$ cat final_28.txt   # compact mmCIF, C-alpha atoms and all ligand atoms
# COMPACT_ATOMS: atom_id res chain seq x y z
CA MET A 19 -12.21 -13.37 -2.75
CA THR A 20 -9.87 -14.48 0.00
CA ALA A 21 -9.24 -18.00 1.23
CA ALA A 22 -10.94 -17.15 4.52
CA THR A 23 -14.13 -15.96 2.79
CA ILE A 24 -14.22 -19.06 0.56
CA ILE A 25 -13.80 -21.34 3.58
CA GLN A 26 -16.62 -19.46 5.29
CA ALA A 27 -18.79 -19.66 2.17
CA ALA A 28 -18.16 -23.40 2.05
CA ALA A 29 -19.07 -23.74 5.73
CA ASP A 30 -22.28 -21.80 5.06
CA HIS A 31 -23.15 -24.51 2.54
CA GLY A 32 -22.34 -27.23 5.08
CA VAL A 33 -19.04 -28.06 3.36
CA VAL A 34 -16.18 -28.80 5.75
CA LEU A 35 -12.73 -28.30 4.24
CA THR A 36 -9.66 -30.02 5.59
CA VAL A 37 -6.14 -30.72 4.43
CA VAL A 38 -4.93 -34.34 4.38
CA ASP A 39 -1.40 -35.10 3.22
CA ALA A 40 -1.12 -31.54 1.85
CA LYS A 41 -4.24 -32.07 -0.27
CA LEU A 42 -7.52 -30.23 0.07
CA THR A 43 -10.38 -32.52 0.97
CA PHE A 44 -13.97 -31.83 1.83
CA ASP A 45 -16.91 -33.40 3.57
CA ALA A 46 -20.22 -32.20 2.20
CA PRO A 47 -23.84 -33.26 2.33
CA PRO A 48 -25.33 -34.26 -1.05
CA GLY A 49 -25.85 -31.27 -3.35
CA ALA A 50 -24.01 -28.85 -1.05
CA LEU A 51 -21.03 -28.45 -3.33
CA THR A 52 -22.38 -26.17 -6.03
CA ASP A 53 -20.59 -25.64 -9.34
CA GLU A 54 -19.72 -22.13 -8.24
CA LEU A 55 -18.22 -23.32 -4.96
CA ARG A 56 -16.37 -26.13 -6.71
CA ALA A 57 -14.86 -23.61 -9.16
CA LEU A 58 -13.78 -21.35 -6.29
CA LEU A 59 -12.14 -24.25 -4.46
CA ARG A 60 -10.30 -25.25 -7.61
CA GLN A 61 -9.18 -21.71 -8.41
CA HIS A 62 -7.98 -20.89 -4.89
CA LYS A 63 -6.83 -24.34 -3.80
CA ALA A 64 -3.26 -23.33 -2.94
CA ALA A 65 -4.38 -20.33 -0.89
CA ILE A 66 -7.01 -22.38 0.96
CA VAL A 67 -4.52 -25.14 1.77
CA ALA A 68 -2.04 -22.54 3.00
CA HIS A 69 -4.72 -20.84 5.07
CA LEU A 70 -5.92 -24.07 6.65
CA THR A 71 -2.39 -25.24 7.44
CA GLY A 72 -1.10 -21.85 8.53
CA ALA A 73 1.56 -22.06 5.84
CA THR A 74 1.14 -18.54 4.52
CA THR A 75 4.38 -16.64 4.13
CA GLY A 76 2.61 -13.34 4.60
CA MET A 77 3.47 -9.96 3.15
CA THR A 78 4.80 -6.98 4.94
CA ALA A 79 2.78 -3.78 4.93
CA THR A 80 5.48 -2.20 2.74
CA GLU A 81 5.23 -5.03 0.23
CA GLU A 82 1.45 -4.76 0.11
CA THR A 83 1.70 -0.99 -0.41
CA ALA A 84 4.18 -1.54 -3.25
CA PHE A 85 1.87 -4.13 -4.76
CA ARG A 86 -1.17 -1.84 -4.58
CA ARG A 87 0.81 1.08 -6.04
CA SER A 88 1.85 -1.19 -8.89
CA CYS A 89 -1.80 -2.11 -9.54
CA ALA A 90 -2.84 1.54 -9.58
CA PHE A 91 0.03 2.36 -11.94
CA ILE A 92 -1.18 -0.15 -14.53
CA GLY A 93 -4.80 0.95 -14.06
CA GLU A 94 -5.92 -2.18 -12.23
CA HIS A 95 -8.65 -1.22 -9.76
CA ASP A 96 -10.64 -4.47 -9.60
CA GLU A 97 -10.58 -5.13 -5.85
CA GLU A 98 -11.51 -8.78 -6.28
CA LEU A 99 -8.67 -9.37 -8.69
CA ILE A 100 -6.27 -7.47 -6.45
CA ASP A 101 -7.37 -9.54 -3.43
CA ASP A 102 -6.81 -12.73 -5.41
CA SER A 103 -3.32 -11.65 -6.40
CA LEU A 104 -2.48 -10.60 -2.85
CA GLU A 105 -3.67 -13.94 -1.62
CA ARG A 106 -1.45 -15.69 -4.12
CA CYS A 107 1.54 -13.59 -3.10
CA ARG A 108 1.00 -14.59 0.51
CA VAL A 109 1.34 -18.29 -0.29
CA ASP A 110 3.67 -18.25 -3.26
CA PRO A 111 7.13 -16.66 -2.75
CA ALA A 112 7.78 -16.74 -6.51
CA ALA A 113 4.59 -14.77 -7.18
CA LEU A 114 5.53 -12.30 -4.46
CA ALA A 115 9.01 -11.86 -5.93
CA TYR A 116 7.54 -11.33 -9.40
CA PHE A 117 5.10 -8.65 -8.25
CA LEU A 118 7.70 -6.90 -6.13
CA THR A 119 10.06 -6.78 -9.11
CA ARG A 120 7.26 -5.29 -11.21
CA SER A 121 6.54 -2.72 -8.50
CA LEU A 122 10.10 -1.39 -8.92
CA GLU A 123 9.02 -0.10 -12.34
CA VAL A 124 6.50 2.24 -10.73
CA PRO A 125 7.81 5.80 -10.40
CA GLN A 126 8.13 6.71 -6.75
CA PRO A 127 6.01 9.61 -5.49
CA ILE A 128 7.99 12.82 -5.19
CA ALA A 129 8.22 14.05 -1.64
CA ASP A 130 6.84 17.55 -1.14
CA ASP A 131 9.77 19.55 0.22
CA ARG A 132 7.95 22.87 0.27
CA HIS A 133 7.24 24.75 3.50
CA PRO A 134 5.32 27.85 4.47
CA CYS A 135 7.42 30.74 5.77
CA ASN A 136 5.60 30.74 9.11
CA GLN A 137 7.40 27.46 9.85
CA CYS A 138 10.80 28.97 9.03
CA ALA A 139 13.20 30.32 11.69
CA ASN A 140 14.20 33.07 9.24
CA LEU A 141 10.81 34.77 9.46
CA ASN A 142 11.02 37.38 12.21
CA GLY A 143 8.24 38.70 14.42
CA GLY A 144 7.64 41.58 12.04
CA GLY A 145 6.91 39.21 9.16
CA ARG A 146 10.23 39.92 7.41
CA CYS A 147 12.63 37.34 6.08
CA VAL A 148 16.04 37.75 7.72
CA ALA A 149 17.60 35.48 5.08
CA ALA A 150 16.61 38.13 2.53
CA GLN A 151 18.11 40.85 4.76
CA ARG A 152 21.36 38.89 4.85
CA GLY A 153 21.28 38.50 1.07
CA ASP A 154 21.05 34.71 1.33
CA ILE A 155 18.15 34.56 -1.12
CA ASP A 156 17.33 36.52 -4.23
CA ALA A 157 14.73 38.89 -2.72
CA PRO A 158 14.52 42.52 -1.55
CA SER A 159 16.16 43.10 1.84
CA ARG A 160 12.82 44.07 3.41
CA TYR A 161 11.08 41.05 1.95
CA SER A 162 7.81 40.12 3.71
CA PRO A 163 6.85 36.75 2.28
CA HIS A 164 3.33 35.43 2.53
CA PRO A 165 3.44 33.37 5.74
CA THR A 166 1.32 30.41 4.69
CA VAL A 167 2.06 29.89 1.00
CA LEU A 168 4.08 26.75 0.38
CA ARG A 169 7.45 27.45 -1.21
CA ARG A 170 10.66 25.64 -1.99
CA CYS A 171 13.35 27.84 -0.47
CA ALA A 172 17.05 27.01 -0.17
CA ALA A 173 17.34 29.17 2.98
CA TYR A 174 14.47 27.50 4.85
CA VAL A 175 15.35 26.55 8.41
CA ALA A 176 12.76 24.70 10.46
CA ARG A 177 11.66 26.47 13.61
CA ASP A 178 12.37 24.67 16.88
CA GLY A 179 9.31 22.95 18.29
S1 LIG A 201 14.19 31.85 4.27
FE1 LIG A 201 12.75 31.25 2.69
S2 LIG A 201 11.27 29.98 3.74
FE2 LIG A 201 12.38 31.12 5.30
S3 LIG A 201 11.15 32.94 5.68
FE3 LIG A 201 12.65 33.46 4.11
S4 LIG A 201 11.60 33.10 2.17
FE4 LIG A 201 10.46 32.04 3.76

$ encode --input "final_28.txt" --output "structure tokens" --more "lines below"
Ligand code: SF4
Amino acid sequence: MTAATIIQAAADHGVVLTVVDAKLTFDAPPGALTDELRALLRQHKAAIVAHLTGATTGMTATEETAFRRSCAFIGEHDEELIDDSLERCRVDPAALAYFLTRSLEVPQPIADDRHPCNQCANLNGGGRCVAAQRGDIDAPSRYSPHPTVLRRCAAYVARDG
């Protein structure tokens, strides 16, 4: 649950949250502050204060992607928990630094460097590979590669346009 949704939930109960001298205060009609709402306010106090005062440090999209990749790597898929942690990172530079350090442990995805031959300048109009004709690759000189199968080829040259 994010600070914004908690503030809205409080407002729905008639509870007005404000920050006075960096402390979270509330104005609520009798009985409006339920135990559940009280627990949420306690648990997310720092994030709510930061949200109300505009003091969030924010996270870049790259940092959030790294954070989410780190969660997936350790098998954490609980969106509520992830949202809570993201919220904390946005208001707590130390938490952000910790999670970003942990995200460095996640193996980076391997870029797919394969290409189909029909995107290669070495494939001529007759469907033959001129790199093979030149002897640049280990293939018969009249090699006609499948045009759309992805392959990792040292002689690949991207077609213009
Ligand atoms: S050089 Fe490689 S990628 Fe290019 S057409 Fe020949 S086999 Fe395909």

$ residues_around --input "final_28.txt" --residues "Thr119 in chain A" --least-positions-apart "4" --cutoff "12 Å" --atoms "all atoms listed in the file" --output "ChimeraX atom specification"
/A:81,84-85,88,112-115,123-124

$ closest_residue --input "final_28.txt" --among "A:Met77, A:Cys89, A:Leu42, A:Val167" --to "Leu122 in chain A" --atoms "all atoms listed in the file"
A:Cys89

$ residues_around --input "final_28.txt" --residues "Leu59 in chain A" --least-positions-apart "4" --cutoff "12 Å" --atoms "only C-alpha atoms" --output "list in words"
Met19, Thr20, Ala21, Ala22, Thr23, Ile24, Ile25, Gln26, Ala27, Ala28, Val33, Val34, Leu35, Thr36, Lys41, Leu42, Thr43, Phe44, Leu51, Thr52, Asp53, Glu54, Leu55, Lys63, Ala64, Ala65, Ile66 and Val67 of chain A

$ write_last_selection --input "final_28.txt" --atoms "C-alpha atoms" --output "short mmCIF file (atom, residue, chain, number, x, y, z; two decimals), keeping the file's coordinate frame"
data_model
loop_
_atom_site.label_atom_id
_atom_site.label_comp_id
_atom_site.auth_asym_id
_atom_site.auth_seq_id
_atom_site.Cartn_x
_atom_site.Cartn_y
_atom_site.Cartn_z
CA MET A 19 -12.21 -13.37 -2.75
CA THR A 20 -9.87 -14.48 0.00
CA ALA A 21 -9.24 -18.00 1.23
CA ALA A 22 -10.94 -17.15 4.52
CA THR A 23 -14.13 -15.96 2.79
CA ILE A 24 -14.22 -19.06 0.56
CA ILE A 25 -13.80 -21.34 3.58
CA GLN A 26 -16.62 -19.46 5.29
CA ALA A 27 -18.79 -19.66 2.17
CA ALA A 28 -18.16 -23.40 2.05
CA VAL A 33 -19.04 -28.06 3.36
CA VAL A 34 -16.18 -28.80 5.75
CA LEU A 35 -12.73 -28.30 4.24
CA THR A 36 -9.66 -30.02 5.59
CA LYS A 41 -4.24 -32.07 -0.27
CA LEU A 42 -7.52 -30.23 0.07
CA THR A 43 -10.38 -32.52 0.97
CA PHE A 44 -13.97 -31.83 1.83
CA LEU A 51 -21.03 -28.45 -3.33
CA THR A 52 -22.38 -26.17 -6.03
CA ASP A 53 -20.59 -25.64 -9.34
CA GLU A 54 -19.72 -22.13 -8.24
CA LEU A 55 -18.22 -23.32 -4.96
CA LYS A 63 -6.83 -24.34 -3.80
CA ALA A 64 -3.26 -23.33 -2.94
CA ALA A 65 -4.38 -20.33 -0.89
CA ILE A 66 -7.01 -22.38 0.96
CA VAL A 67 -4.52 -25.14 1.77
#

$ atom_distance --input "final_28.txt" --atom1 "CA of Leu168 in chain A" --atom2 "atom S1 of ligand LIG 201 (chain A)"
12.0 Å

$ residues_around --input "final_28.txt" --residues "Cys138 in chain A" --least-positions-apart "3" --cutoff "8 Å" --atoms "all atoms listed in the file" --output "ChimeraX atom specification"
/A:133-135,141,174-177

$ residues_near_ligand --input "final_28.txt" --ligand "ligand LIG 201 (chain A)" --cutoff "9 Å" --atoms "all atoms listed in the file" --output "VMD selection string"
chain A and resid 132 to 142 145 to 150 154 to 155 157 161 to 165 168 to 176

$ residues_around --input "final_28.txt" --residues "Arg87 in chain A" --least-positions-apart "2" --cutoff "12 Å" --atoms "all atoms listed in the file" --output "list of chain:residue names"
A:Thr80, A:Glu81, A:Glu82, A:Thr83, A:Ala84, A:Phe85, A:Cys89, A:Ala90, A:Phe91, A:Ile92, A:Gly93, A:Glu94, A:His95, A:Ile100, A:Phe117, A:Leu118, A:Arg120, A:Ser121, A:Leu122, A:Glu123, A:Val124, A:Pro125, A:Gln126, A:Pro127

$ atom_distance --input "final_28.txt" --atom1 "CA of Gly76 in chain A" --atom2 "CA of Asp110 in chain A"
9.3 Å

$ closest_atom_pairs --input "final_28.txt" --of "range 79-149 of chain A" --to "range 68-71 of chain A" --cutoff "12 Å" --atoms "all atoms listed in the file" --output "CSV"
residue,atom,partner,partner_atom,distance
A:Glu105,CA,A:His69,CA,9.7
A:Arg106,CA,A:Ala68,CA,9.9
A:Cys107,CA,A:Ala68,CA,11.4
A:Arg108,CA,A:Ala68,CA,8.9
A:Val109,CA,A:Ala68,CA,6.3
A:Asp110,CA,A:Ala68,CA,9.5

$ atom_distance --input "final_28.txt" --atom1 "CA of Asp30 in chain A" --atom2 "CA of Asp101 in chain A"
21.1 Å

$ closest_residue --input "final_28.txt" --among "A:Asp156, A:His31, A:His62, A:Ala40" --to "Ser103 in chain A" --atoms "only C-alpha atoms"
A:His62

$ build_atoms --input "final_28.txt" --residues "range 128-154 of chain A" --atoms "N, CA and C atoms" --output "PDB file, keeping the file's coordinate frame"
ATOM      1  N   ILE A 128       7.006  11.792  -5.549  1.00  0.00           N
ATOM      2  CA  ILE A 128       7.990  12.820  -5.190  1.00  0.00           C
ATOM      3  C   ILE A 128       7.577  13.466  -3.876  1.00  0.00           C
ATOM      4  N   ALA A 129       8.522  13.461  -2.942  1.00  0.00           N
ATOM      5  CA  ALA A 129       8.220  14.050  -1.640  1.00  0.00           C
ATOM      6  C   ALA A 129       8.039  15.561  -1.794  1.00  0.00           C
ATOM      7  N   ASP A 130       7.074  16.101  -1.091  1.00  0.00           N
ATOM      8  CA  ASP A 130       6.840  17.550  -1.140  1.00  0.00           C
ATOM      9  C   ASP A 130       7.782  18.215  -0.143  1.00  0.00           C
ATOM     10  N   ASP A 131       8.780  18.921  -0.661  1.00  0.00           N
ATOM     11  CA  ASP A 131       9.770  19.550   0.220  1.00  0.00           C
ATOM     12  C   ASP A 131       9.505  21.046   0.385  1.00  0.00           C
ATOM     13  N   ARG A 132       8.270  21.452   0.103  1.00  0.00           N
ATOM     14  CA  ARG A 132       7.950  22.870   0.270  1.00  0.00           C
ATOM     15  C   ARG A 132       7.480  23.129   1.714  1.00  0.00           C
ATOM     16  N   HIS A 133       7.647  24.356   2.154  1.00  0.00           N
ATOM     17  CA  HIS A 133       7.240  24.750   3.500  1.00  0.00           C
ATOM     18  C   HIS A 133       6.666  26.154   3.452  1.00  0.00           C
ATOM     19  N   PRO A 134       5.771  26.468   4.366  1.00  0.00           N
ATOM     20  CA  PRO A 134       5.320  27.850   4.470  1.00  0.00           C
ATOM     21  C   PRO A 134       6.327  28.645   5.314  1.00  0.00           C
ATOM     22  N   CYS A 135       6.434  29.915   5.050  1.00  0.00           N
ATOM     23  CA  CYS A 135       7.420  30.740   5.770  1.00  0.00           C
ATOM     24  C   CYS A 135       7.132  30.809   7.273  1.00  0.00           C
ATOM     25  N   ASN A 136       5.875  30.652   7.666  1.00  0.00           N
ATOM     26  CA  ASN A 136       5.600  30.740   9.110  1.00  0.00           C
ATOM     27  C   ASN A 136       6.125  29.524   9.883  1.00  0.00           C
ATOM     28  N   GLN A 137       6.722  28.572   9.171  1.00  0.00           N
ATOM     29  CA  GLN A 137       7.400  27.460   9.850  1.00  0.00           C
ATOM     30  C   GLN A 137       8.924  27.626   9.785  1.00  0.00           C
ATOM     31  N   CYS A 138       9.370  28.755   9.256  1.00  0.00           N
ATOM     32  CA  CYS A 138      10.800  28.970   9.030  1.00  0.00           C
ATOM     33  C   CYS A 138      11.380  29.894  10.100  1.00  0.00           C
ATOM     34  N   ALA A 139      12.546  29.521  10.639  1.00  0.00           N
ATOM     35  CA  ALA A 139      13.200  30.320  11.690  1.00  0.00           C
ATOM     36  C   ALA A 139      13.687  31.655  11.140  1.00  0.00           C
ATOM     37  N   ASN A 140      13.732  31.811   9.823  1.00  0.00           N
ATOM     38  CA  ASN A 140      14.200  33.070   9.240  1.00  0.00           C
ATOM     39  C   ASN A 140      13.106  34.128   9.135  1.00  0.00           C
ATOM     40  N   LEU A 141      11.885  33.769   9.484  1.00  0.00           N
ATOM     41  CA  LEU A 141      10.810  34.770   9.460  1.00  0.00           C
ATOM     42  C   LEU A 141      10.757  35.413  10.832  1.00  0.00           C
ATOM     43  N   ASN A 142      11.005  36.731  10.899  1.00  0.00           N
ATOM     44  CA  ASN A 142      11.020  37.380  12.210  1.00  0.00           C
ATOM     45  C   ASN A 142       9.613  37.800  12.647  1.00  0.00           C
ATOM     46  N   GLY A 143       9.536  38.325  13.853  1.00  0.00           N
ATOM     47  CA  GLY A 143       8.240  38.700  14.420  1.00  0.00           C
ATOM     48  C   GLY A 143       7.515  39.756  13.627  1.00  0.00           C
ATOM     49  N   GLY A 144       8.259  40.535  12.854  1.00  0.00           N
ATOM     50  CA  GLY A 144       7.640  41.580  12.040  1.00  0.00           C
ATOM     51  C   GLY A 144       7.184  41.077  10.677  1.00  0.00           C
ATOM     52  N   GLY A 145       7.348  39.775  10.441  1.00  0.00           N
ATOM     53  CA  GLY A 145       6.910  39.210   9.160  1.00  0.00           C
ATOM     54  C   GLY A 145       7.936  39.361   8.054  1.00  0.00           C
ATOM     55  N   ARG A 146       9.180  39.770   8.439  1.00  0.00           N
ATOM     56  CA  ARG A 146      10.230  39.920   7.410  1.00  0.00           C
ATOM     57  C   ARG A 146      11.143  38.703   7.404  1.00  0.00           C
ATOM     58  N   CYS A 147      11.719  38.477   6.247  1.00  0.00           N
ATOM     59  CA  CYS A 147      12.630  37.340   6.080  1.00  0.00           C
ATOM     60  C   CYS A 147      14.054  37.826   6.334  1.00  0.00           C
ATOM     61  N   VAL A 148      14.679  37.311   7.401  1.00  0.00           N
ATOM     62  CA  VAL A 148      16.040  37.750   7.720  1.00  0.00           C
ATOM     63  C   VAL A 148      17.065  37.146   6.755  1.00  0.00           C
ATOM     64  N   ALA A 149      16.701  36.045   6.101  1.00  0.00           N
ATOM     65  CA  ALA A 149      17.600  35.480   5.080  1.00  0.00           C
ATOM     66  C   ALA A 149      17.701  36.461   3.916  1.00  0.00           C
ATOM     67  N   ALA A 150      16.598  37.122   3.604  1.00  0.00           N
ATOM     68  CA  ALA A 150      16.610  38.130   2.530  1.00  0.00           C
ATOM     69  C   ALA A 150      17.439  39.333   2.963  1.00  0.00           C
ATOM     70  N   GLN A 151      17.321  39.722   4.248  1.00  0.00           N
ATOM     71  CA  GLN A 151      18.110  40.850   4.760  1.00  0.00           C
ATOM     72  C   GLN A 151      19.603  40.538   4.664  1.00  0.00           C
ATOM     73  N   ARG A 152      19.954  39.285   4.923  1.00  0.00           N
ATOM     74  CA  ARG A 152      21.360  38.890   4.850  1.00  0.00           C
ATOM     75  C   ARG A 152      21.839  38.731   3.418  1.00  0.00           C
ATOM     76  N   GLY A 153      20.925  38.706   2.478  1.00  0.00           N
ATOM     77  CA  GLY A 153      21.280  38.500   1.070  1.00  0.00           C
ATOM     78  C   GLY A 153      21.460  37.037   0.719  1.00  0.00           C
ATOM     79  N   ASP A 154      20.903  36.152   1.584  1.00  0.00           N
ATOM     80  CA  ASP A 154      21.050  34.710   1.330  1.00  0.00           C
ATOM     81  C   ASP A 154      20.122  34.221   0.222  1.00  0.00           C
TER      82      ASP A 154
END
